[in-house]
Every structure is written in structure tokens, then in C-alpha cells.
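> Following this line is run_10.cif, made up of mmCIF, C-alpha atoms:
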data_model
#
loop_
_atom_site.label_atom_id
_atom_site.label_comp_id
_atom_site.auth_asym_id
_atom_site.auth_seq_id
_atom_site.Cartn_x
_atom_site.Cartn_y
_atom_site.Cartn_z
CA MET A 13 -19.06 -231.53 -95.43
CA ASP A 14 -15.53 -231.29 -94.12
CA PRO A 15 -13.98 -234.81 -93.99
CA THR A 16 -13.12 -234.54 -90.28
CA ALA A 17 -16.67 -233.45 -89.44
CA ARG A 18 -18.04 -236.30 -91.51
CA ASP A 19 -15.88 -238.82 -89.69
CA ARG A 20 -17.00 -237.44 -86.32
CA GLU A 21 -20.64 -237.75 -87.36
CA ILE A 22 -20.08 -241.39 -88.31
CA LEU A 23 -18.14 -242.15 -85.12
CA ASP A 24 -20.78 -240.43 -82.95
CA ALA A 25 -23.34 -242.78 -84.47
CA CYS A 26 -21.08 -245.73 -83.68
CA LEU A 27 -20.62 -244.56 -80.09
CA LYS A 28 -24.38 -244.46 -79.70
CA GLY A 29 -24.46 -248.10 -80.76
CA GLU A 30 -26.00 -247.44 -84.17
CA ALA A 31 -25.17 -250.29 -86.58
CA GLY A 32 -25.77 -247.96 -89.53
CA GLY A 33 -22.89 -245.81 -88.36
CA TRP A 34 -20.54 -248.77 -88.23
CA ASP A 35 -21.69 -249.87 -91.68
CA ARG A 36 -20.79 -246.44 -93.10
CA PHE A 37 -17.42 -246.49 -91.34
CA VAL A 38 -16.43 -249.90 -92.68
CA ARG A 39 -17.55 -249.18 -96.23
CA GLN A 40 -15.74 -245.84 -96.24
CA TYR A 41 -12.41 -247.28 -95.16
CA THR A 42 -12.37 -250.92 -96.26
CA ARG A 43 -10.40 -250.24 -99.45
CA LEU A 44 -7.94 -248.00 -97.67
CA VAL A 45 -7.03 -250.75 -95.19
CA TYR A 46 -6.94 -253.51 -97.79
CA SER A 47 -4.85 -251.48 -100.24
CA VAL A 48 -2.12 -250.87 -97.63
CA ALA A 49 -1.92 -254.60 -96.88
CA ILE A 50 -1.73 -255.39 -100.61
CA ARG A 51 0.93 -252.72 -101.07
CA TYR A 52 3.06 -254.60 -98.54
CA ARG A 53 2.68 -257.70 -100.73
CA LEU A 54 0.94 -259.78 -98.08
CA PRO A 55 -0.85 -262.87 -99.42
CA ALA A 56 -4.61 -262.60 -99.61
CA GLU A 57 -5.34 -264.61 -96.45
CA ASP A 58 -3.01 -262.35 -94.43
CA ALA A 59 -4.52 -259.22 -95.96
CA ASP A 60 -7.95 -260.54 -94.95
CA ASP A 61 -6.80 -261.00 -91.35
CA VAL A 62 -5.11 -257.59 -91.27
CA HIS A 63 -8.40 -256.06 -92.45
CA GLN A 64 -10.31 -257.71 -89.61
CA ALA A 65 -7.67 -256.86 -87.01
CA VAL A 66 -7.67 -253.19 -87.99
CA PHE A 67 -11.44 -252.85 -87.82
CA LEU A 68 -11.46 -254.72 -84.52
CA ALA A 69 -8.94 -252.18 -83.23
CA ALA A 70 -11.16 -249.38 -84.53
CA VAL A 71 -14.33 -250.66 -82.85
CA SER A 72 -12.37 -251.10 -79.63
CA HIS A 73 -11.04 -247.52 -79.70
CA LEU A 74 -14.01 -245.56 -81.01
CA LYS A 75 -13.76 -242.77 -78.43
CA GLU A 76 -10.05 -242.28 -79.12
CA LEU A 77 -10.68 -242.43 -82.86
CA ARG A 78 -13.32 -239.75 -82.59
CA GLU A 79 -10.74 -237.34 -81.20
CA VAL A 80 -8.04 -237.78 -83.87
CA SER A 81 -7.90 -235.16 -86.59
CA ARG A 82 -7.37 -237.65 -89.42
CA VAL A 83 -9.04 -241.02 -89.12
CA ALA A 84 -7.41 -242.19 -92.36
CA ALA A 85 -3.94 -241.58 -90.88
CA TRP A 86 -4.84 -243.60 -87.75
CA LEU A 87 -6.08 -246.48 -89.89
CA ILE A 88 -2.99 -246.41 -92.11
CA THR A 89 -0.68 -246.57 -89.07
CA THR A 90 -2.73 -249.35 -87.46
CA THR A 91 -2.73 -251.32 -90.71
CA HIS A 92 1.05 -250.88 -90.99
CA ARG A 93 1.53 -252.33 -87.50
CA GLU A 94 -0.86 -255.20 -88.09
CA CYS A 95 0.86 -256.08 -91.36
CA TRP A 96 4.15 -256.39 -89.54
CA ARG A 97 2.62 -258.31 -86.63
CA ILE A 98 0.70 -260.80 -88.75
CA GLY A 99 3.50 -261.12 -91.27
CA ARG A 100 5.98 -262.05 -88.54
CA LYS A 101 3.49 -264.38 -86.86
CA ARG A 102 2.98 -266.23 -90.14
CA GLN A 103 6.74 -266.23 -90.69
CA ARG A 104 6.43 -264.40 -93.99
CA ASN A 105 9.66 -263.17 -95.48
CA LEU A 106 9.26 -259.63 -94.19
CA SER A 107 12.67 -258.05 -94.05
CA VAL A 108 13.12 -254.63 -92.54
CA THR A 109 12.96 -252.87 -95.87
CA GLU A 110 11.95 -249.32 -96.57
CA ASP A 111 8.35 -250.37 -95.80
CA PHE A 112 9.22 -251.45 -92.25
CA ALA A 113 12.19 -249.23 -91.47
CA ASP A 114 10.01 -248.03 -88.60
CA LEU A 115 7.81 -250.81 -87.20
CA ASP A 116 5.46 -248.30 -85.56
CA GLU A 117 4.93 -245.84 -88.40
CA PRO A 118 4.62 -246.27 -92.17
CA SER A 119 7.08 -244.42 -94.40
CA GLN A 120 6.11 -240.88 -95.30
CA SER A 121 5.58 -241.83 -98.93
CA THR A 122 3.34 -244.78 -97.99
CA ALA A 123 1.27 -242.64 -95.64
CA GLU A 124 0.99 -239.72 -98.09
CA THR A 125 0.03 -241.96 -100.99
CA ALA A 126 -2.52 -243.89 -98.96
CA GLU A 127 -4.16 -240.69 -97.65
CA ARG A 128 -4.19 -239.15 -101.09
CA LEU A 129 -5.85 -242.21 -102.65
CA GLN A 130 -8.41 -242.27 -99.84
CA ALA A 131 -9.27 -238.65 -100.61
CA MET A 132 -9.77 -239.68 -104.23
CA ARG A 133 -12.05 -242.60 -103.24
CA GLU A 134 -14.17 -240.34 -101.05
CA GLU A 135 -14.55 -237.55 -103.60
CA MET A 136 -15.34 -240.03 -106.36
CA SER A 137 -18.06 -241.49 -104.16
CA PHE A 138 -19.67 -238.02 -103.93
CA LEU A 139 -19.88 -237.57 -107.69
CA SER A 140 -23.18 -238.22 -109.39
CA GLU A 141 -23.78 -241.81 -110.41
CA LYS A 142 -23.46 -240.82 -114.07
CA CYS A 143 -20.07 -239.19 -113.49
CA ARG A 144 -18.83 -242.17 -111.51
CA GLU A 145 -19.96 -244.61 -114.18
CA LEU A 146 -18.35 -242.52 -116.91
CA ILE A 147 -15.02 -242.18 -115.12
CA HIS A 148 -14.96 -245.90 -114.36
CA ALA A 149 -15.73 -246.69 -117.99
CA LEU A 150 -13.04 -244.34 -119.28
CA TYR A 151 -10.32 -245.56 -116.93
CA SER A 152 -11.00 -249.20 -116.24
CA ASP A 153 -10.22 -250.44 -119.76
CA GLY A 154 -6.48 -250.99 -119.92
CA ALA A 155 -6.53 -251.16 -123.72
CA GLY A 156 -7.97 -247.68 -123.96
CA PRO A 157 -11.64 -246.76 -123.87
CA SER A 158 -13.85 -247.30 -126.89
CA TYR A 159 -16.19 -244.35 -126.94
CA ARG A 160 -18.70 -246.33 -128.98
CA ASN A 161 -18.76 -249.15 -126.39
CA ILE A 162 -18.98 -246.70 -123.52
CA ALA A 163 -21.82 -244.80 -125.17
CA ALA A 164 -23.73 -248.03 -125.78
CA ARG A 165 -23.16 -249.27 -122.22
CA LEU A 166 -24.14 -246.03 -120.52
CA GLY A 167 -26.96 -245.15 -122.89
CA ILE A 168 -25.42 -241.84 -124.00
CA THR A 169 -24.25 -240.42 -127.31
CA VAL A 170 -20.62 -240.66 -128.37
CA GLY A 171 -20.54 -236.89 -128.82
CA SER A 172 -21.54 -236.27 -125.20
CA ILE A 173 -18.67 -238.24 -123.73
CA GLY A 174 -16.01 -235.54 -124.15
CA PRO A 175 -18.00 -232.69 -122.56
CA SER A 176 -19.29 -235.00 -119.80
CA ARG A 177 -15.77 -236.16 -119.04
CA MET A 178 -14.60 -232.56 -118.79
CA ARG A 179 -17.45 -231.66 -116.48
CA CYS A 180 -17.01 -234.67 -114.20
CA LEU A 181 -13.22 -234.36 -113.99
CA SER A 182 -13.53 -230.66 -113.36
CA GLN A 183 -15.92 -231.31 -110.45
CA LEU A 184 -13.63 -233.97 -109.06
CA THR A 185 -10.54 -231.79 -109.42
CA GLU A 186 -12.16 -228.85 -107.68
CA ALA A 187 -13.43 -231.03 -104.83
CA LEU A 188 -9.96 -232.46 -104.32
CA ARG A 189 -8.40 -229.02 -104.48
CA ALA A 190 -10.85 -227.78 -101.84
CA ARG A 191 -9.78 -230.48 -99.38
CA GLY A 192 -6.10 -229.75 -99.85
CA PHE A 193 -5.25 -232.60 -102.22
CA GLU A 194 -1.62 -232.24 -103.23
CA ALA A 195 0.70 -233.86 -105.73
CA PRO A 196 3.44 -235.98 -104.15
CA SER A 197 6.39 -233.99 -102.87
CA ASP A 198 8.85 -235.68 -105.22
CA GLU A 199 8.75 -235.70 -109.02
CA LYS A 200 7.52 -239.30 -109.31
CA HIS A 201 3.89 -240.22 -108.96
CA GLU A 202 3.43 -243.03 -106.45
CA LYS A 203 1.16 -245.86 -107.39
CA MET B 30 5.29 -216.22 -126.77
CA THR B 31 6.64 -219.43 -128.23
CA HIS B 32 5.04 -222.47 -126.58
CA GLN B 33 7.31 -225.36 -125.92
CA PRO B 34 5.97 -228.87 -126.63
CA ASP B 35 5.60 -229.69 -122.90
CA GLN B 36 3.62 -226.54 -122.32
CA ARG B 37 1.38 -227.27 -125.29
CA ARG B 38 0.80 -230.77 -123.91
CA THR B 39 -0.03 -229.33 -120.53
CA GLU B 40 -2.43 -226.78 -121.92
CA ALA B 41 -4.14 -229.54 -123.88
CA LEU B 42 -4.34 -231.61 -120.68
CA LEU B 43 -5.88 -228.76 -118.74
CA ARG B 44 -8.23 -227.68 -121.50
CA PHE B 45 -9.52 -230.95 -122.79
CA VAL B 46 -9.37 -233.09 -119.72
CA VAL B 47 -10.46 -230.83 -116.89
CA GLY B 48 -12.27 -228.25 -118.95
CA MET B 49 -10.19 -225.14 -118.41
CA ASP B 50 -10.62 -222.52 -121.13
CA GLY B 51 -7.61 -221.72 -123.30
CA SER B 52 -6.34 -218.58 -121.58
CA THR B 53 -6.78 -220.08 -118.12
CA ALA B 54 -4.95 -223.22 -119.22
CA ALA B 55 -2.10 -221.11 -120.60
CA ASN B 56 -1.88 -219.12 -117.39
CA PHE B 57 -2.00 -222.18 -115.19
CA ALA B 58 0.49 -224.26 -117.16
CA THR B 59 2.88 -224.09 -114.23
CA GLY B 60 4.86 -226.93 -112.71
CA ASN B 61 2.56 -227.23 -109.71
CA GLU B 62 -0.62 -227.32 -111.74
CA ILE B 63 0.84 -229.89 -114.12
CA ARG B 64 1.75 -232.17 -111.25
CA PHE B 65 -1.62 -231.65 -109.60
CA VAL B 66 -3.65 -232.61 -112.64
CA GLU B 67 -1.38 -235.48 -113.60
CA THR B 68 -1.57 -236.79 -110.03
CA VAL B 69 -5.37 -236.60 -110.14
CA LEU B 70 -5.45 -238.58 -113.37
CA ALA B 71 -2.90 -241.13 -112.13
CA ASP B 72 -4.81 -241.60 -108.88
CA ILE B 73 -8.11 -242.04 -110.70
CA ASP B 74 -6.40 -244.79 -112.66
CA VAL B 75 -5.27 -246.49 -109.43
CA VAL B 76 -8.58 -246.20 -107.62
CA VAL B 77 -10.69 -247.39 -110.53
CA ARG B 78 -8.54 -250.47 -111.07
CA GLU B 79 -7.72 -251.38 -107.46
CA GLN B 80 -8.68 -254.69 -105.95
CA SER B 81 -11.55 -254.47 -103.51
CA PRO B 82 -11.63 -256.74 -100.48
CA PRO B 83 -13.81 -259.83 -100.98
CA GLU B 84 -17.39 -259.37 -99.80
CA SER B 85 -16.81 -262.04 -97.15
CA VAL B 86 -14.00 -259.92 -95.67
CA ILE B 87 -16.18 -256.82 -95.59
CA ALA B 88 -18.99 -258.87 -94.02
CA ARG B 89 -16.67 -260.00 -91.20
CA ALA B 90 -15.80 -256.39 -90.46
CA LEU B 91 -19.45 -255.34 -90.56
CA ALA B 92 -20.24 -258.08 -88.05
CA LEU B 93 -18.08 -256.22 -85.51
CA ALA B 94 -21.12 -254.00 -85.03
CA SER B 95 -21.98 -256.47 -82.27
CA ALA B 96 -19.06 -254.97 -80.32
CA LEU B 97 -20.49 -251.45 -80.48
CA PRO B 98 -21.42 -249.90 -77.15
CA ARG B 99 -25.07 -250.33 -76.26
CA PRO B 100 -26.71 -247.50 -74.34
CA ILE B 101 -28.95 -248.41 -71.41
CA PRO B 102 -32.30 -246.59 -71.26
CA TRP B 103 -32.19 -246.11 -67.48
CA LEU B 104 -28.63 -244.72 -67.48
CA ASP B 105 -29.63 -241.08 -67.87
CA ARG B 106 -26.76 -239.06 -66.48
CA THR B 107 -28.72 -235.83 -66.51
CA ARG B 108 -30.62 -237.01 -63.45
CA ALA B 109 -27.72 -238.69 -61.65
CA VAL B 110 -26.57 -238.06 -58.09
CA ILE B 111 -22.83 -238.54 -57.68
CA ALA B 112 -22.01 -240.37 -54.46
CA SER B 113 -19.00 -239.51 -52.32
CA LEU B 114 -16.35 -242.03 -51.32
CA VAL B 115 -16.34 -242.35 -47.54
CA ILE B 116 -14.16 -245.39 -46.85
CA ASP B 117 -11.52 -247.15 -48.96
CA ALA B 118 -9.74 -249.88 -47.03
CA ARG B 119 -7.97 -253.18 -47.55
CA MET B 120 -9.06 -255.96 -45.21
CA PRO B 121 -6.36 -258.19 -43.75
CA ALA B 122 -5.86 -261.51 -45.51
CA LEU B 123 -7.46 -264.55 -43.94
CA ALA B 124 -5.11 -267.02 -42.26
CA GLY B 125 -3.91 -269.63 -44.69
CA VAL B 126 -4.56 -267.52 -47.75
CA ARG B 127 -1.37 -267.17 -49.76
CA SER B 128 -1.97 -263.73 -51.26
CA GLY B 129 -0.64 -260.81 -49.33
CA ALA B 130 -3.85 -258.85 -48.93
CA GLY B 131 -7.53 -259.43 -48.36
CA PRO B 132 -10.42 -257.93 -50.23
CA ARG B 133 -10.77 -254.20 -50.62
CA THR B 134 -13.81 -252.47 -49.11
CA LEU B 135 -15.27 -249.14 -50.16
CA THR B 136 -18.23 -247.21 -48.85
CA PHE B 137 -20.03 -244.46 -50.76
CA ASP B 138 -22.69 -242.03 -49.56
CA SER B 139 -25.13 -240.38 -51.95
CA GLY B 140 -27.04 -238.40 -49.34
CA GLY B 141 -30.04 -240.69 -49.45
CA TYR B 142 -28.31 -244.06 -49.72
CA LYS B 143 -25.12 -245.74 -48.55
CA ILE B 144 -23.44 -248.25 -50.82
CA ASP B 145 -20.88 -250.76 -49.54
CA LEU B 146 -18.56 -252.56 -51.95
CA GLU B 147 -16.24 -255.50 -51.41
CA VAL B 148 -13.79 -256.03 -54.26
CA ASP B 149 -11.95 -259.32 -54.77
CA ASP B 150 -9.17 -260.15 -57.23
CA ILE B 151 -10.24 -263.22 -59.17
CA GLY B 152 -7.12 -263.84 -61.24
CA ASP B 153 -6.40 -263.28 -64.95
CA ASP B 154 -6.47 -259.53 -64.25
CA GLY B 155 -10.13 -259.78 -63.26
CA PHE B 156 -12.06 -258.54 -60.29
CA GLU B 157 -15.42 -259.21 -58.71
CA VAL B 158 -17.34 -256.57 -56.77
CA HIS B 159 -20.05 -257.48 -54.29
CA GLY B 160 -22.19 -254.53 -53.38
CA GLN B 161 -25.03 -253.68 -51.06
CA VAL B 162 -27.30 -250.64 -51.07
CA HIS B 163 -28.52 -249.39 -47.66
CA ALA B 164 -31.47 -247.06 -47.28
CA ASP B 165 -31.65 -246.37 -43.52
CA GLY B 166 -34.66 -248.61 -43.00
CA ARG B 167 -36.58 -247.30 -46.02
CA GLU B 168 -37.54 -249.56 -48.87
CA ILE B 169 -34.51 -249.85 -51.13
CA ASN B 170 -36.19 -250.04 -54.50
CA ALA B 171 -32.89 -250.42 -56.34
CA THR B 172 -33.31 -252.39 -59.53
CA ALA B 173 -30.28 -252.37 -61.82
CA VAL B 174 -26.54 -251.76 -61.70
CA ALA B 175 -23.85 -251.28 -64.35
CA LEU B 176 -20.09 -250.93 -64.60
CA VAL B 177 -19.49 -247.93 -66.83
CA SER B 178 -16.40 -246.71 -68.66
CA PRO B 179 -15.75 -243.13 -67.50
CA GLU B 180 -14.24 -242.36 -70.92
CA SER B 181 -17.04 -243.48 -73.18
CA PHE B 182 -19.91 -243.41 -70.62
CA MET B 183 -20.92 -246.74 -72.06
CA PRO B 184 -21.69 -249.80 -69.93
CA THR B 185 -19.20 -252.63 -69.75
CA LYS B 186 -21.28 -254.96 -67.60
CA GLN B 187 -24.83 -254.89 -66.28
CA GLY B 188 -26.51 -256.66 -63.42
CA VAL B 189 -29.55 -256.64 -61.16
CA VAL B 190 -29.95 -255.52 -57.55
CA ASP B 191 -31.99 -257.95 -55.44
CA SER B 192 -34.69 -257.03 -52.95
CA ARG B 193 -32.15 -256.74 -50.14
CA GLY B 194 -29.96 -254.39 -52.12
CA TYR B 195 -27.25 -256.93 -53.04
CA PHE B 196 -25.53 -257.07 -56.41
CA THR B 197 -22.44 -258.69 -57.95
CA LEU B 198 -20.46 -257.65 -61.01
CA SER B 199 -17.17 -258.84 -62.46
CA ALA B 200 -14.92 -257.50 -65.20
CA HIS B 201 -11.36 -257.06 -66.38
CA ARG B 202 -9.39 -254.69 -64.16
CA GLY B 203 -9.64 -251.02 -64.97
CA LEU B 204 -11.17 -247.68 -64.12
CA TYR B 205 -14.94 -247.81 -63.77
CA GLU B 206 -17.90 -245.90 -62.47
CA ILE B 207 -20.77 -247.91 -60.95
CA ALA B 208 -24.24 -246.69 -61.88
CA ILE B 209 -27.20 -247.86 -59.80
CA SER B 210 -30.84 -247.30 -60.65
CA ILE B 211 -32.51 -246.51 -57.30
CA GLY B 212 -36.04 -245.33 -56.61
CA GLY B 213 -36.57 -243.96 -60.09
CA GLY B 214 -33.32 -242.02 -59.89
CA LEU B 215 -29.70 -242.76 -60.67
CA VAL B 216 -26.75 -242.89 -58.27
CA ILE B 217 -23.24 -242.94 -59.75
CA LEU B 218 -20.25 -244.05 -57.74
CA PRO B 219 -17.33 -241.99 -59.09
CA ALA B 220 -14.60 -243.55 -61.21
CA THR B 221 -12.55 -246.01 -59.18
CA GLN B 222 -9.61 -248.16 -60.19
CA PHE B 223 -10.52 -251.80 -59.67
CA SER B 224 -7.55 -254.20 -59.29
#
Taking this structure as input, can you express it in the form of C-alpha cells?

Amino acid sequence: MDPTARDREILDACLKGEAGGWDRFVRQYTRLVYSVAIRYRLPAEDADDVHQAVFLAAVSHLKELREVSRVAAWLITTTHRECWRIGRKRQRNLSVTEDFADLDEPSQSTAETAERLQAMREEMSFLSEKCRELIHALYSDGAGPSYRNIAARLGITVGSIGPSRMRCLSQLTEALRARGFEAPSDEKHEK
Amino acid sequence: MTHQPDQRRTEALLRFVVGMDGSTAANFATGNEIRFVETVLADIDVVVREQSPPESVIARALALASALPRPIPWLDRTRAVIASLVIDARMPALAGVRSGAGPRTLTFDSGGYKIDLEVDDIGDDGFEVHGQVHADGREINATAVALVSPESFMPTKQGVVDSRGYFTLSAHRGLYEIAISIGGGLVILPATQFS
């Protein structure tokens, strides 16, 4: 399903007062909101409060949110503003750096990176459980994956890891390509 | 064609990581495709390793479900009659009252019923509306009333209508419709700015 249509379906459920709709909305976007606050180097307690403030803003503006074309972009902008507001309120050392050159809007690179990573989260969540487990196992070990350990943990043969990886990454790549996923506009990859 | 080391690396990336066959990988070993695949792999790395919010933080956000709009079973707009505004006036202030104006009065007519409203400012950007339903001597049979947001069609406040047709509602100032369940039907007073 098209991401915008999926968001509208979730928000329609929220507007009808369905708690299941709100549950889906929070779980879909919780890491997006938190990651922006962490990117701005807010301490954990402030990031927690930003998270709550952003979702409070969302539940208070459901009808407006339903009409935007990109919910992720709305959440990123709202998180940016809340980070500034809470940071100033707590008298954190937030200077007007590149992050807050515009207090109302995040920088283009912040917004692009955050939207791109959210697309990745969503498409990874649609992979089969086996593909998700395999990708997590291959990428979560900073020292480099041990195929023998991965095979033992996932109950698969070492020889199947390579072909499975290719298949899963190919699915993921095509799904991202279909939704217009793009590399960053400059030569560096943002993290 | 002589393959440069970067191109060989890229073809290997495309063939062995995302499963492209050799000729496709060679054809797609362009700058854009390189950046696309490398971005995918870099972003996977970020997403897999990123810090999730604590479960307690997620739970707090989930608890905001209590703020979701709650539909009212009797508020079925498909069977509503929209009343017309007949009178909108400001009463003179009582002697000794410091504010410059008295309460506002409005009268609506739905064809079968007349509804009078008196709206008072109650401070802190709030208002209170006292209403009465008239039925030209017939039994009123009005049971429930709600302040409704004209944007979301969801109720902000609900109340009851007593046997004489009286009701009272209060809320933060804003634009509201008033929906009244009367005689098995629904009368809606069109969106009005209160305070």
C-alpha cells in the first residue's frame, strides 16, 4: 500500500476513536521522533519529553495530520520545534547552530535523512520475519558477522546465508526504489 | 572494456549483495546506482543499530489514546435537521457589572423546534451556554446535547436536556456546532463562534 494511503487509513481509525489505530501510529513513528531528538544531542530525559510532546501534538491535530501529504515530514518538523522549545526551557546549551538555523524548520539534510531512515524502517518492517532477523543478525554485530553464529542462532545452514541475504536485500532495495527512496543529494552519506 | 577497480567493486556490490546478475550489474554500475545501493546499506546499518525509545516512553505515548475523539451513538448526521439562526444579539450589561457587555443571546429555528441560547463569558477564555428547547406546547422529548467541532465532527462536550428543555454546556472559546437529540431525531445548530 502507498505510504500516504496507509497513514490515512491509520489516522481515519484514530479519528473514529479506535485505540488500535493510535497504537499503530505510535509504533510506526516512535523511532523517527526519538531519533531526531537524539540527533540534536538532547539528554535522554529531554528526548523522552520531546517524544511525549510530539505525540500529544499529533493526537491534538489528527484531522490536520490526515490532510498532509507526508506525515513523517510533519512529525520531523514538530520534533524539531519541540527540541528547541524544551532545550531552551531546560536551559540546555543549544546555540543557533546549523541544526537550529531556522527555529521553525529543520535543515534540509536533517529532514531528508530522517525521512529516508523512516522509509527504511517501514520497508524493513514489511519484510518477512526471517529476512528481518537475518538482516539484523548480519548488521547488528559491529565486529563483523560470524556466519556460523548466525546460522546457529537462526536455525539455518551457513551455506544458505549468502543467497538469503541477496534475496532479502533485493526485496528491500526494490521496495525502497518503488517508493522513491533516493541517495542523499551530496556525495556524503548522512548518518 | 577494461574495468577499473571502483567499477569492479561496484559490480561485486551489486551482484553479491543485492543479487543482480553479472551483466545487469555491469550495466548498472553507474554513479547513481552506486550511491543508491551504498545508501541502502548504510541506512540499514543505522536503523539496525539505532537506540529505541524506552518502553516506558512508548507507553506514555500510547496512553494518549484517551485523548482520541469518541463518537456518540446518537450523533448521526445523516438524519440531522440543520436549524437556522434567527436572532443573534448582545444584551446590555447589568448596572454595576464592570465588563462592557452583557450576555449574548441567539435563537435558532429548526422548523419543528425553537432553541434559545444565552452565552456568558466565564473568564480564562471560556464560555458557558445556557439553552432551552421550545416545542410550541408539544412534549419536548429532547434528551442529550453536545458541543461539536465543525472540523472533526467529534464532540467536545456532552450534556443532558432536562424535562423542561433546559441544558448547560461550557468549553474553551471557539467555533462549535450544537447537536441536540430531540424526539428520536437530531437538530444541529450551525457552527457559531463562542467568545
> Considering all atoms listed in the file, extract the chain B residues located within 7 Å of chain A and return them as a PyMOL selection string.
chain B and resi 45-48+64-65+68+72+74-78+81-82+86+89-91+93-94+96-100+181
> May I ask for the distance between atom CA of Pro55 of chain A and atom CA of Ser137 of chain A, given in Å to one decimal place?
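Distance reported for this atom pair: 27.9 Å.
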> Show which residues sit within 9 Å of Thr122 of chain A, as a list in words. Count all atoms listed in the file, and ignore same-chain residues fewer than 3 positions away.
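The residues that qualify are Val48, Arg51, Ile88, Asp111, Pro118, Ser119, Thr125, Ala126, Glu127 and Glu202 of chain A.
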> Hey, could you pull the box centre and edge lengths for segment 123-135 of chain A, axis-aligned, 5 Å padding per side, all listed atoms, to one decimal in Å, as lines of an AutoDock Vina configuration file?

center_x = -6.6
center_y = -240.7
center_z = -99.9
size_x = 25.8
size_y = 16.3
size_z = 18.6
> Please enumerate the residues selected by the PyMOL selection byres ((chain B and resi 145) around 12) when evaluated against the supplied file, formatted as a PyMOL selection string.
chain B and resi 112-118+133-139+142-144+146-148+158-164+194-197+207+218
> Could you please determine the separation between atom CA of Leu104 of chain B and atom CA of Leu176 of chain B in Å, to one decimal place?
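Spanning atom CA of Leu104 of chain B to atom CA of Leu176 of chain B is a straight-line distance of 10.9 Å.
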> Residues within 7 Å of segment 77-83 of chain A, please, as a list in words. Count only C-alpha atoms; anything in the same chain fewer than 6 positions from it doesn't count.
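Those residues are Thr16, Arg20 and Leu23 of chain A.
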> Let me know the residues the PyMOL selection byres ((chain A and resi 95) around 10) catches in the file above, as a ChimeraX atom specification.
/A:48-50,52-54,58-59,61-63,65-66,89-94,96-101,106,112,115
> Pick out the closest residue to Asp154 of chain B from this set: B:Arg106, B:Arg119, B:Arg202, B:Arg193. Count only C-alpha atoms.
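For Asp154 of chain B, the nearest of the given residues is B:Arg202.
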> Could you jot down the atom CA of Gln80 of chain B to atom CA of Glu135 of chain A separation for me, Å, one decimal place?
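Computing the Euclidean distance for atom CA of Gln80 of chain B and atom CA of Glu135 of chain A yields 18.3 Å.
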> For the structure shown, which residues end up in the PyMOL selection byres ((chain A and resi 166) around 9)? Put them as an MDAnalysis selection string, please?
chainID A and resid 142 145:146 149 161:165 167:169
> Rank nothing, just name the residue among B:Ala200, B:Ala92, B:Val177, B:Ile169 nearest to Ala220 of chain B, using all atoms listed in the file.
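Checking each of B:Ala200, B:Ala92, B:Val177, B:Ile169 against Ala220 of chain B, counting all atoms listed in the file, the winner is B:Val177.
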